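Visitor: Next up, structure20.txt (compact mmCIF, C-alpha atoms).
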# COMPACT_ATOMS: atom_id res chain seq x y z
CA MET I 294 -90.70 37.58 -142.06
CA GLN I 295 -93.51 35.65 -143.63
CA ILE I 296 -96.95 36.91 -142.61
CA ARG I 297 -100.31 36.46 -144.24
CA VAL I 298 -103.51 38.16 -143.23
CA SER I 299 -107.07 37.68 -144.33
CA ALA I 300 -110.03 39.97 -143.76
CA SER I 301 -112.40 37.00 -143.52
CA ASP I 302 -110.37 35.13 -140.90
CA GLY I 303 -112.66 36.03 -137.99
CA LEU I 304 -109.74 37.45 -136.01
CA PRO I 305 -108.95 41.16 -136.27
CA ILE I 306 -106.05 41.73 -138.66
CA TYR I 307 -103.77 43.18 -135.94
CA GLN I 308 -104.39 40.03 -133.86
CA GLN I 309 -103.44 37.83 -136.82
CA ILE I 310 -100.11 39.67 -137.05
CA VAL I 311 -99.53 39.37 -133.29
CA ASN I 312 -100.24 35.62 -133.37
CA GLN I 313 -98.05 34.98 -136.37
CA VAL I 314 -95.09 36.96 -135.02
CA LYS I 315 -95.39 35.05 -131.74
CA TYR I 316 -95.48 31.81 -133.70
CA LEU I 317 -92.41 32.79 -135.73
CA VAL I 318 -90.53 33.68 -132.52
CA ALA I 319 -91.65 30.51 -130.74
CA SER I 320 -90.63 28.33 -133.66
CA GLY I 321 -87.26 30.06 -133.98
CA ARG I 322 -87.89 31.53 -137.40
CA LEU I 323 -87.49 34.98 -135.87
CA ALA I 324 -84.35 35.00 -133.76
CA PRO I 325 -83.72 37.24 -130.72
CA GLY I 326 -82.30 40.56 -131.91
CA GLU I 327 -83.73 40.18 -135.40
CA GLU I 328 -85.39 43.27 -136.82
CA LEU I 329 -89.05 43.36 -137.82
CA PRO I 330 -89.94 45.23 -141.02
CA PRO I 331 -90.76 48.93 -140.53
CA ILE I 332 -94.49 49.62 -140.04
CA ARG I 333 -94.89 51.32 -143.39
CA THR I 334 -93.07 48.57 -145.27
CA LEU I 335 -95.18 45.79 -143.79
CA ALA I 336 -98.39 47.82 -144.34
CA GLU I 337 -97.58 48.25 -148.02
CA ARG I 338 -96.62 44.61 -148.41
CA LEU I 339 -99.77 43.28 -146.76
CA LEU I 340 -101.93 46.11 -148.17
CA ILE I 341 -103.33 47.03 -144.79
CA ASN I 342 -103.71 50.23 -142.81
CA PRO I 343 -100.37 51.29 -141.23
CA ASN I 344 -102.19 51.88 -137.92
CA THR I 345 -103.09 48.19 -137.86
CA VAL I 346 -99.42 47.23 -138.06
CA ALA I 347 -98.56 49.85 -135.43
CA ARG I 348 -101.19 48.38 -133.12
CA ALA I 349 -99.87 44.84 -133.61
CA TYR I 350 -96.30 46.00 -132.84
CA ARG I 351 -97.54 47.82 -129.73
CA GLU I 352 -99.27 44.65 -128.47
CA LEU I 353 -96.12 42.64 -129.15
CA GLU I 354 -94.08 45.19 -127.25
CA VAL I 355 -96.43 45.07 -124.24
CA ALA I 356 -96.26 41.25 -124.32
CA GLY I 357 -92.46 41.47 -124.27
CA VAL I 358 -91.98 39.76 -127.62
CA VAL I 359 -90.35 42.75 -129.28
CA VAL I 360 -88.54 45.88 -128.13
CA LYS I 361 -88.42 49.28 -129.74
CA ARG I 362 -84.93 50.72 -129.94
CA GLY I 363 -85.34 54.48 -130.17
CA THR I 364 -86.25 55.44 -133.69
CA THR I 365 -84.18 52.74 -135.34
CA GLY I 366 -86.78 50.02 -135.39
CA THR I 367 -88.50 47.08 -133.75
CA PHE I 368 -86.49 44.02 -132.75
CA VAL I 369 -87.26 40.59 -131.35
CA SER I 370 -86.44 40.81 -127.65
CA ASP I 371 -83.70 38.70 -126.09
CA ALA I 372 -85.78 37.69 -123.10
CA GLY I 373 -88.63 36.16 -124.99
CA SER I 374 -88.39 32.75 -123.33
CA PRO I 375 -91.33 32.62 -120.85
CA LEU I 376 -93.67 33.89 -123.49
CA ALA I 377 -92.19 31.64 -126.11
CA ARG I 378 -92.90 28.69 -123.81
CA ARG I 379 -96.52 29.73 -123.37
CA GLU I 380 -96.83 30.27 -127.07
CA ARG I 381 -95.33 26.87 -127.86
CA GLN I 382 -97.85 25.35 -125.50
CA ARG I 383 -100.67 27.22 -127.22
CA ILE I 384 -99.59 25.95 -130.63
CA LEU I 385 -99.38 22.38 -129.37
CA THR I 386 -102.75 22.65 -127.61
CA GLN I 387 -104.39 23.47 -130.92
CA ARG I 388 -102.84 20.40 -132.52
CA VAL I 389 -103.88 18.20 -129.59
CA ASP I 390 -107.45 19.49 -129.81
CA ALA I 391 -107.58 18.66 -133.50
CA LEU I 392 -106.13 15.19 -132.80
CA LEU I 393 -108.66 14.53 -130.04
CA ALA I 394 -111.55 15.56 -132.27
CA GLU I 395 -110.30 13.25 -135.01
CA ALA I 396 -109.76 10.38 -132.56
CA ARG I 397 -113.28 10.68 -131.13
CA GLN I 398 -114.72 10.86 -134.61
CA LEU I 399 -112.90 7.64 -135.55
CA GLY I 400 -113.95 5.93 -132.32
CA PHE I 401 -110.53 5.76 -130.59
CA ASP I 402 -110.59 6.06 -126.81
CA LEU I 403 -107.95 7.94 -124.86
CA ASP I 404 -105.90 4.84 -123.86
CA HIS I 405 -105.82 3.71 -127.45
CA LEU I 406 -104.61 7.18 -128.45
CA PHE I 407 -101.86 7.17 -125.78
CA ASP I 408 -100.68 3.78 -127.03
CA LEU I 409 -100.55 5.10 -130.55
CA ILE I 410 -98.60 8.21 -129.47
CA ARG I 411 -96.04 6.07 -127.60
CA GLN I 412 -95.76 3.75 -130.57
CA ARG I 413 -95.12 6.62 -132.95
CA ASP I 414 -92.68 8.23 -130.51
CA ALA I 415 -90.69 4.99 -130.42
CA ALA I 416 -90.83 4.85 -134.20
CA LEU I 417 -89.46 8.38 -134.35
CA ASP I 418 -86.62 7.36 -132.03
CA ARG I 419 -85.76 4.59 -134.43
CA SER I 420 -85.83 7.40 -137.01
CA GLU I 421 -88.40 5.67 -139.12
CA VAL I 422 -89.96 7.86 -141.70
CA LEU I 423 -93.42 9.04 -140.66
CA MET Y 249 -115.39 71.19 -132.77
CA SER Y 250 -113.46 67.99 -133.43
CA ASP Y 251 -110.79 67.74 -136.09
CA SER Y 252 -112.93 66.58 -138.99
CA VAL Y 253 -111.92 67.00 -142.61
CA ILE Y 254 -115.46 66.32 -143.87
CA THR Y 255 -118.70 67.11 -142.07
CA VAL Y 256 -121.99 66.15 -143.70
CA ASP Y 257 -125.12 67.13 -141.80
CA ARG Y 258 -128.57 65.70 -142.66
CA LEU Y 259 -127.85 65.78 -146.38
CA THR Y 260 -130.85 64.88 -148.52
CA ARG Y 261 -130.85 64.64 -152.29
CA ARG Y 262 -133.72 63.72 -154.58
CA PHE Y 263 -133.56 63.00 -158.27
CA GLY Y 264 -137.18 63.31 -159.42
CA ARG Y 265 -139.14 60.97 -157.17
CA LYS Y 266 -136.12 58.92 -156.18
CA THR Y 267 -134.44 59.83 -152.88
CA ALA Y 268 -130.75 59.22 -153.52
CA LEU Y 269 -129.58 60.43 -150.11
CA ASP Y 270 -131.87 60.53 -147.10
CA ALA Y 271 -130.74 62.71 -144.18
CA VAL Y 272 -127.16 61.44 -144.24
CA SER Y 273 -124.87 62.76 -141.49
CA LEU Y 274 -121.24 61.77 -141.18
CA GLU Y 275 -117.83 63.01 -140.14
CA VAL Y 276 -114.48 62.00 -141.53
CA PRO Y 277 -111.71 62.54 -138.96
CA ARG Y 278 -108.33 63.86 -140.08
CA GLY Y 279 -105.88 61.06 -140.82
CA ALA Y 280 -108.60 58.46 -141.31
CA VAL Y 281 -108.94 55.95 -144.10
CA PHE Y 282 -112.65 56.17 -144.55
CA GLY Y 283 -114.36 53.40 -146.51
CA LEU Y 284 -117.72 54.23 -148.05
CA VAL Y 285 -119.63 51.04 -148.62
CA GLY Y 286 -122.94 50.29 -150.28
CA ALA Y 287 -124.63 48.40 -153.09
CA ASN Y 288 -124.81 49.87 -156.59
CA GLY Y 289 -127.23 52.78 -156.48
CA ALA Y 290 -127.03 53.15 -152.69
CA GLY Y 291 -125.86 56.76 -153.02
CA LYS Y 292 -122.06 56.51 -152.75
CA THR Y 293 -121.25 58.46 -155.90
CA THR Y 294 -123.98 61.03 -155.20
CA LEU Y 295 -122.42 61.67 -151.79
CA ILE Y 296 -118.93 62.01 -153.30
CA ARG Y 297 -120.24 64.45 -155.92
CA HIS Y 298 -121.52 66.64 -153.09
CA LEU Y 299 -118.10 66.57 -151.42
CA LEU Y 300 -116.50 67.76 -154.66
CA GLY Y 301 -119.05 70.56 -155.08
CA LEU Y 302 -120.51 69.00 -158.23
CA LEU Y 303 -123.94 68.81 -156.60
CA ARG Y 304 -125.53 71.41 -154.36
CA ALA Y 305 -127.14 70.21 -151.13
CA GLN Y 306 -130.93 70.33 -151.47
CA GLU Y 307 -131.32 69.88 -147.72
CA GLY Y 308 -128.68 69.76 -145.03
CA SER Y 309 -125.10 70.88 -145.40
CA VAL Y 310 -121.71 69.69 -146.62
CA ARG Y 311 -118.41 71.06 -145.32
CA VAL Y 312 -114.96 70.04 -146.48
CA PHE Y 313 -112.04 71.62 -144.59
CA GLY Y 314 -114.80 73.67 -142.93
CA ARG Y 315 -115.83 75.19 -146.27
CA ASP Y 316 -118.80 74.78 -148.57
CA PRO Y 317 -117.48 73.05 -151.73
CA VAL Y 318 -120.16 74.72 -153.91
CA ALA Y 319 -119.50 78.26 -152.63
CA ASP Y 320 -115.71 77.89 -152.49
CA PRO Y 321 -114.67 75.32 -155.12
CA VAL Y 322 -111.10 76.59 -155.39
CA GLY Y 323 -110.54 76.55 -151.63
CA VAL Y 324 -111.76 72.98 -151.44
CA LEU Y 325 -110.72 71.33 -154.70
CA SER Y 326 -107.15 72.63 -154.55
CA ARG Y 327 -106.70 70.45 -151.45
CA ILE Y 328 -108.40 67.29 -152.77
CA GLY Y 329 -106.93 64.62 -155.00
CA HIS Y 330 -109.72 62.86 -156.82
CA LEU Y 331 -109.92 59.71 -158.89
CA ALA Y 332 -113.28 58.81 -160.40
CA GLU Y 333 -114.37 55.36 -161.49
CA ASP Y 334 -114.80 56.49 -165.11
CA ASN Y 335 -111.88 58.88 -164.93
CA ASP Y 336 -112.39 61.14 -167.94
CA LEU Y 337 -108.84 62.21 -168.69
CA PRO Y 338 -108.32 64.12 -171.94
CA GLY Y 339 -107.63 61.30 -174.40
CA TRP Y 340 -105.80 63.37 -177.00
CA MET Y 341 -102.97 64.26 -174.59
CA THR Y 342 -99.87 62.18 -174.14
CA VAL Y 343 -98.95 61.03 -170.65
CA ALA Y 344 -96.23 63.70 -170.46
CA GLU Y 345 -98.67 66.41 -171.59
CA LEU Y 346 -101.23 65.25 -169.05
CA MET Y 347 -98.65 65.61 -166.28
CA CYS Y 348 -97.64 69.15 -167.41
CA TYR Y 349 -101.29 70.12 -167.79
CA THR Y 350 -102.23 68.92 -164.30
CA GLU Y 351 -99.11 70.51 -162.79
CA ALA Y 352 -100.31 73.92 -164.05
CA PHE Y 353 -103.39 73.72 -161.80
CA PHE Y 354 -101.63 72.83 -158.58
CA PRO Y 355 -98.90 74.97 -157.03
CA GLY Y 356 -97.91 72.09 -154.74
CA TRP Y 357 -97.17 69.68 -157.64
CA ASP Y 358 -94.16 67.54 -156.82
CA ARG Y 359 -92.49 66.88 -160.16
CA ALA Y 360 -89.95 64.39 -158.83
CA TYR Y 361 -92.70 62.40 -157.09
CA ALA Y 362 -94.86 62.40 -160.24
CA GLU Y 363 -91.93 61.18 -162.29
CA ARG Y 364 -91.15 58.43 -159.79
CA LEU Y 365 -94.78 57.25 -159.85
CA ARG Y 366 -94.77 57.33 -163.67
CA ARG Y 367 -91.71 55.10 -163.76
CA ASP Y 368 -93.06 52.76 -161.06
CA PHE Y 369 -96.28 52.42 -163.04
CA GLU Y 370 -94.32 51.89 -166.29
CA LEU Y 371 -96.27 54.57 -168.15
CA ASP Y 372 -94.72 55.67 -171.46
CA PRO Y 373 -94.65 59.51 -171.48
CA ALA Y 374 -95.08 59.61 -175.27
CA GLN Y 375 -98.21 57.46 -175.31
CA LYS Y 376 -101.62 59.06 -175.88
CA VAL Y 377 -104.02 58.71 -172.95
CA LYS Y 378 -106.76 57.30 -175.21
CA HIS Y 379 -104.45 54.45 -176.22
CA LEU Y 380 -103.76 53.39 -172.64
CA SER Y 381 -105.33 50.23 -171.27
CA ARG Y 382 -107.98 50.66 -168.59
CA GLY Y 383 -105.50 49.83 -165.85
CA GLN Y 384 -102.85 52.19 -167.22
CA ARG Y 385 -105.45 54.96 -167.49
CA SER Y 386 -106.28 54.46 -163.82
CA ARG Y 387 -102.60 54.68 -162.97
CA ALA Y 388 -102.32 57.93 -164.97
CA GLY Y 389 -105.35 59.27 -163.10
CA LEU Y 390 -103.75 58.23 -159.83
CA ILE Y 391 -100.59 60.23 -160.61
CA ALA Y 392 -102.75 63.28 -161.38
CA ALA Y 393 -104.56 62.81 -158.05
CA LEU Y 394 -101.47 62.14 -155.92
CA ALA Y 395 -98.57 64.21 -157.20
CA TYR Y 396 -99.52 67.45 -155.51
CA ARG Y 397 -99.75 65.62 -152.21
CA PRO Y 398 -103.32 66.62 -151.40
CA GLU Y 399 -104.55 66.71 -147.81
CA LEU Y 400 -107.56 64.64 -148.81
CA LEU Y 401 -107.63 61.85 -151.36
CA VAL Y 402 -111.09 60.92 -152.67
CA LEU Y 403 -111.38 57.72 -154.68
CA ASP Y 404 -114.70 56.65 -156.16
CA GLU Y 405 -114.70 52.89 -156.79
CA PRO Y 406 -110.99 53.04 -157.58
CA SER Y 407 -110.53 49.32 -158.15
CA SER Y 408 -113.75 48.31 -159.82
CA GLY Y 409 -113.13 46.37 -163.00
CA LEU Y 410 -109.35 46.47 -162.62
CA ASP Y 411 -106.94 43.58 -162.47
CA PRO Y 412 -105.30 42.62 -159.14
CA ILE Y 413 -101.97 44.25 -160.05
CA VAL Y 414 -103.49 47.69 -160.67
CA ARG Y 415 -105.61 47.26 -157.54
CA ARG Y 416 -102.41 46.65 -155.56
CA ASP Y 417 -100.95 49.88 -156.95
CA ILE Y 418 -104.03 51.83 -155.95
CA LEU Y 419 -104.23 50.39 -152.45
CA GLY Y 420 -100.48 50.88 -152.06
CA ALA Y 421 -100.97 54.55 -152.96
CA VAL Y 422 -103.74 54.82 -150.35
CA ILE Y 423 -101.46 53.31 -147.71
CA ARG Y 424 -98.54 55.58 -148.60
CA THR Y 425 -100.88 58.57 -148.50
CA VAL Y 426 -102.04 57.90 -144.95
CA ALA Y 427 -98.57 56.94 -143.81
CA ASP Y 428 -97.70 60.57 -144.60
CA GLU Y 429 -98.70 62.42 -141.46
CA GLY Y 430 -102.15 63.97 -141.34
CA ARG Y 431 -103.46 62.98 -144.75
CA THR Y 432 -106.95 61.63 -145.11
CA VAL Y 433 -108.43 59.18 -147.60
CA LEU Y 434 -112.07 58.61 -148.46
CA PHE Y 435 -112.80 55.81 -150.86
CA SER Y 436 -115.91 54.02 -151.99
CA SER Y 437 -115.80 50.38 -152.91
CA HIS Y 438 -117.85 47.26 -153.03
CA LEU Y 439 -114.75 45.10 -152.64
CA LEU Y 440 -115.29 44.71 -148.93
CA ASP Y 441 -112.20 42.62 -148.37
CA GLU Y 442 -110.18 45.65 -149.51
CA VAL Y 443 -112.18 48.03 -147.35
CA GLU Y 444 -111.67 45.83 -144.30
CA ARG Y 445 -107.92 45.66 -144.85
CA VAL Y 446 -107.31 49.33 -145.47
CA SER Y 447 -110.00 51.37 -143.68
CA ASP Y 448 -110.17 52.34 -140.06
CA HIS Y 449 -113.59 54.02 -140.44
CA VAL Y 450 -116.53 52.85 -142.49
CA ALA Y 451 -119.89 54.22 -143.51
CA LEU Y 452 -122.54 51.87 -144.79
CA LEU Y 453 -125.17 53.28 -147.15
CA VAL Y 454 -128.32 51.26 -147.73
CA GLN Y 455 -130.72 52.80 -150.23
CA GLY Y 456 -129.64 56.35 -149.50
CA LYS Y 457 -129.76 55.93 -145.73
CA LEU Y 458 -126.76 55.63 -143.47
CA ALA Y 459 -126.95 52.23 -141.75
CA PHE Y 460 -123.70 52.68 -139.84
CA CYS Y 461 -120.89 55.19 -139.58
CA GLY Y 462 -117.93 54.90 -137.27
CA PRO Y 463 -114.71 53.06 -136.51
CA LEU Y 464 -114.44 49.65 -138.18
CA ASP Y 465 -113.46 48.08 -134.83
CA GLU Y 466 -116.72 49.34 -133.33
CA LEU Y 467 -118.78 47.95 -136.19
CA LYS Y 468 -117.14 44.57 -135.77
CA ALA Y 469 -117.49 44.61 -132.00
CA ARG Y 470 -121.23 45.26 -132.32
CA HIS Y 471 -121.89 42.34 -134.64
CA HIS Y 472 -121.68 38.64 -133.86
CA ARG Y 473 -122.15 35.38 -135.67
CA LEU Y 474 -124.06 33.07 -133.34
CA THR Y 475 -124.88 29.44 -134.00
CA VAL Y 476 -127.89 28.32 -131.97
CA ARG Y 477 -129.08 24.76 -131.45
CA PHE Y 478 -132.69 23.97 -130.67
CA ASP Y 479 -134.16 20.80 -129.22
CA GLY Y 480 -136.67 20.25 -131.98
CA GLU Y 481 -136.58 20.84 -135.71
CA CYS Y 482 -137.22 24.41 -136.80
CA LEU Y 483 -138.74 24.74 -140.23
CA ARG Y 484 -138.09 28.43 -140.44
CA PRO Y 485 -135.58 30.75 -138.76
CA PRO Y 486 -136.38 31.46 -135.14
CA VAL Y 487 -137.35 34.97 -134.07
CA LEU Y 488 -134.59 36.68 -132.14
CA ASP Y 489 -134.14 40.34 -131.25
CA GLY Y 490 -131.03 41.67 -132.98
CA ALA Y 491 -130.80 38.92 -135.60
CA LEU Y 492 -130.26 40.45 -139.05
CA ALA Y 493 -130.03 37.30 -141.15
CA TRP Y 494 -130.42 33.56 -140.56
CA GLU Y 495 -128.97 30.55 -142.25
CA GLY Y 496 -129.46 26.92 -141.36
CA GLN Y 497 -131.87 24.02 -141.15
CA GLY Y 498 -133.32 21.54 -138.69
CA PRO Y 499 -132.08 22.08 -135.13
CA GLU Y 500 -129.06 24.28 -135.91
CA TRP Y 501 -129.27 27.85 -137.13
CA THR Y 502 -126.61 30.54 -137.55
CA ALA Y 503 -127.53 34.19 -137.22
CA LEU Y 504 -125.71 37.36 -137.93
CA CYS Y 505 -126.69 39.53 -134.99
CA HIS Y 506 -126.36 43.08 -133.88
CA GLY Y 507 -126.12 43.93 -130.21
CA GLY Y 508 -124.46 43.02 -126.94
CA LEU Y 509 -123.33 39.42 -126.63
CA GLY Y 510 -124.98 38.91 -123.22
CA GLU Y 511 -128.40 40.08 -124.37
CA LEU Y 512 -128.19 38.00 -127.55
CA GLN Y 513 -127.30 34.89 -125.59
CA ALA Y 514 -130.20 35.51 -123.19
CA ALA Y 515 -132.56 36.04 -126.13
CA ALA Y 516 -131.42 32.76 -127.73
CA GLU Y 517 -132.09 30.90 -124.49
CA ALA Y 518 -135.48 32.56 -124.10
CA ALA Y 519 -136.32 31.32 -127.62
CA GLY Y 520 -135.56 27.77 -126.49
CA GLY Y 521 -132.07 27.37 -127.95
CA ARG Y 522 -128.50 27.39 -126.76
CA VAL Y 523 -125.53 29.07 -128.36
CA VAL Y 524 -123.05 26.43 -129.53
CA ASP Y 525 -120.66 28.63 -131.46
CA ARG Y 526 -119.90 32.28 -131.94
CA GLY Y 527 -117.53 34.31 -134.02
CA VAL Y 528 -116.70 37.70 -135.46
CA PRO Y 529 -118.26 38.22 -138.88
CA SER Y 530 -116.34 39.84 -141.71
CA LEU Y 531 -117.36 43.24 -143.05
CA ASP Y 532 -118.64 41.39 -146.10
CA GLU Y 533 -121.03 39.29 -144.00
CA ILE Y 534 -122.20 42.33 -142.02
CA PHE Y 535 -122.80 44.25 -145.23
CA VAL Y 536 -124.80 41.46 -146.86
CA ALA Y 537 -126.96 41.01 -143.75
CA ARG Y 538 -127.52 44.75 -143.43
CA ALA Y 539 -128.16 45.46 -147.07
CA ALA Y 540 -130.56 42.51 -147.44
CA GLY Y 541 -132.33 43.54 -144.23
CA GLY Y 542 -132.88 47.00 -145.64
CA VAL Y 543 -134.53 45.69 -148.80
CA ARG Y 544 -137.01 43.39 -147.09
Produce structure tokens that represent the structure in this file.
Guide:
Amino acid sequence: MQIRVSASDGLPIYQQIVNQVKYLVASGRLAPGEELPPIRTLAERLLINPNTVARAYRELEVAGVVVKRGTTGTFVSDAGSPLARRERQRILTQRVDALLAEARQLGFDLDHLFDLIRQRDAALDRSEVL
Amino acid sequence: MSDSVITVDRLTRRFGRKTALDAVSLEVPRGAVFGLVGANGAGKTTLIRHLLGLLRAQEGSVRVFGRDPVADPVGVLSRIGHLAEDNDLPGWMTVAELMCYTEAFFPGWDRAYAERLRRDFELDPAQKVKHLSRGQRSRAGLIAALAYRPELLVLDEPSSGLDPIVRRDILGAVIRTVADEGRTVLFSSHLLDEVERVSDHVALLVQGKLAFCGPLDELKARHHRLTVRFDGECLRPPVLDGALAWEGQGPEWTALCHGGLGELQAAAEAAGGRVVDRGVPSLDEIFVARAAGGVR
């Protein structure tokens, strides 16, 4: 499980972990049933307070992304789909926002942008290299 | 009262005409990783020396495990693992001798644990302490501070001047220490990125005075970075209640503020601006704004 945290990110460290685990689940890089590293292991790897990891795992459990199985560990839940959908939408929204900002900056209006998206989509269908 | 490992009450210390600590009160809860933060000369080491019973309180009181470290040094020091910035280990000893020597002082010394740490740190038992590199000397000091599994680990600037690999070892040791149930860590540092990662409580010393003491989450929740836009050009930072430091030019200024978000927003509007962006500042930014504010 690849996670990076930064103290100067602006988001609390536990929230960074929550977001990244959700992202990994949504993108399929953490599969249902897969085990997350034990709290202590992840804390030592990221050099952060173990309570911060515990808090992130608790939030993920409440959100239904992971389940705790007794004392054995923390696993990606099987029924993660509704959340995964929301999360996928969140990820895409960020990209769209960035695209819109860039388009406005470059003086493209919305219709022009739609045309371009359709054009590129067609190009992808013809499996042209981006 | 509450379950505090350290209780400092209105501690004042003067060296000649200089006030090193000015009515400092703080509590370190059991199980906390407590980061002591401040500029050089802010009083961090002086405070730590009081906790270890190396300085007597001139005014106020210091209690560690409910005891006075000056009156009962054995009762206190036998439960503290300590690593100083300039750790003065006996240079003429070999690493193996140092470990035997330290073991003799502490009944709870865990020989297997010490040996495991020595191997992890790749310390040669036959090497003389004075021939160790700075980083290796810190690692040796860390073994001496950790191997009897003290209830309280006190680290004074443990990573200053050390390379990132040794710093990792030290922070890793801090994390393992707190992961063991009920152990408490107090460490001073000016590497605020480290403090923010590892601590759950922080105390901020500015010129001998305590500017903040409490949970890190609370400190962060009470500070905001607000970017305010004004209609006209402002030649100098606007006046705003709660603003600790300003940065900007022309119509757009960013402030590091202290206070409730609602009140700050209202104050910005009253000053003729509107808030266009806000964020959570890092501990580093809060510290710089606070420490600079104290000097002016």
Visitor: Fewer than 5 positions away in the same chain doesn't count, so skip those; otherwise give me all residues within 12 Å of I:Val369, counting all atoms listed in the file, as a ChimeraX atom specification.
Guide: /I:294,314-315,317-319,321-330,350,353-354,356-362,374,377
Visitor: Kindly extract all protein, DNA and RNA residues lying within 12 Å of the coordinates (-127.3, 49.9, -143.6) given in the file, considering only C-alpha atoms, and supply them as JSON, numbers by chain.
Guide: {"Y": [272, 284, 285, 286, 287, 290, 291, 450, 451, 452, 453, 454, 455, 456, 457, 458, 459, 460, 461, 467, 492, 506, 531, 534, 535, 536, 537, 538, 539, 540, 541, 542, 543]}
Visitor: Please indicate the distance in Å from atom CA of Y:Gly527 to atom CA of Y:Leu474, rounded to one decimal place.
Guide: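 That distance, rounded to one decimal, is 6.7 Å.
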Visitor: May I ask you to extract the residues of chain Y within 6 Å of chain I, using only C-alpha atoms, and to give them as a compact mmCIF listing (two decimals) with C-alpha atoms, in the coordinates of the input?
Guide:
# COMPACT_ATOMS: atom_id res chain seq x y z
CA GLY Y 420 -100.48 50.88 -152.06
CA ASP Y 441 -112.20 42.62 -148.37
CA ARG Y 445 -107.92 45.66 -144.85
CA VAL Y 446 -107.31 49.33 -145.47
CA VAL Y 528 -116.70 37.70 -135.46
CA SER Y 530 -116.34 39.84 -141.71
Visitor: Neighbouring residues of stretch 503-505 of chain Y were defined as those with any atom within 12 Å, considering all atoms listed in the file; residues of the same chain fewer than 6 positions away were excluded. Please report them as a PyMOL selection string.
Guide: chain Y and resi 467-477+485-497+511-513+515-516+523-538+540-541
Visitor: Which distance in Å separates atom CA of Y:Pro398 and atom CA of Y:Leu295, to one decimal?
Guide: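 One can read the atom CA of Y:Pro398 to atom CA of Y:Leu295 distance as 19.7 Å.
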Visitor: Smallest atom-to-atom distance to Y:Ser252: which of Y:Arg385, Y:Arg367, Y:Arg315, Y:Arg424, using only C-alpha atoms?
Guide: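 For Y:Ser252, the nearest of the given residues is Y:Arg315.
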Visitor: Kindly assemble as a tab-separated table a list of the stretch 294-332 of chain Y residues that lie within 12 Å of stretch 339-356 of chain Y, each paired with its nearest atom pair and their distance in Å to one decimal, using all atoms listed in the file, sorted first by chain and then by ascending residue number.
Guide:
residue	atom	partner	partner_atom	distance
Y:Val322	CA	Y:Phe353	CA	10.4
Y:Gly323	CA	Y:Phe354	CA	11.9
Y:Leu325	CA	Y:Phe354	CA	10.0
Y:Ser326	CA	Y:Phe354	CA	6.8
Y:Arg327	CA	Y:Phe354	CA	9.1
Y:Ile328	CA	Y:Phe354	CA	10.5
Y:Gly329	CA	Y:Phe354	CA	10.4
Visitor: Pick out the closest residue to Y:Ala393 from this set: Y:Leu410, Y:Gly279, Y:Ala362, Y:Leu331. Count only C-alpha atoms.
Guide: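 Among the listed residues, the smallest separation from Y:Ala393 belongs to Y:Leu331.
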Visitor: Residues at most 7 Å from Y:Phe435, counting all atoms listed in the file, excluding those fewer than 2 positions away in the same chain, as an MDAnalysis selection string?
Guide: chainID Y and resid 282:284 402:405 433 437
Visitor: How about saving the chosen residues, C-alpha atoms kept, as a tab-separated table (two decimals), keeping the file's coordinate frame?
Guide:
chain	number	residue	atom	x	y	z
Y	282	PHE	CA	-112.65	56.17	-144.55
Y	283	GLY	CA	-114.36	53.40	-146.51
Y	284	LEU	CA	-117.72	54.23	-148.05
Y	402	VAL	CA	-111.09	60.92	-152.67
Y	403	LEU	CA	-111.38	57.72	-154.68
Y	404	ASP	CA	-114.70	56.65	-156.16
Y	405	GLU	CA	-114.70	52.89	-156.79
Y	433	VAL	CA	-108.43	59.18	-147.60
Y	437	SER	CA	-115.80	50.38	-152.91
Visitor: Mind giving me the straight-line distance from atom CA of Y:Glu333 to atom CA of Y:Tyr396 in Å, one decimal?
Guide: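 Straight-line distance from atom CA of Y:Glu333 to atom CA of Y:Tyr396 works out to 20.1 Å.
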Visitor: Restricting the calculation to only C-alpha atoms, which member of Y:Ala305, Y:Leu337, Y:Leu464, Y:Ala421 is positioned closest to Y:Asp257?
Guide: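 Smallest separation from Y:Asp257 among the options: Y:Ala305.
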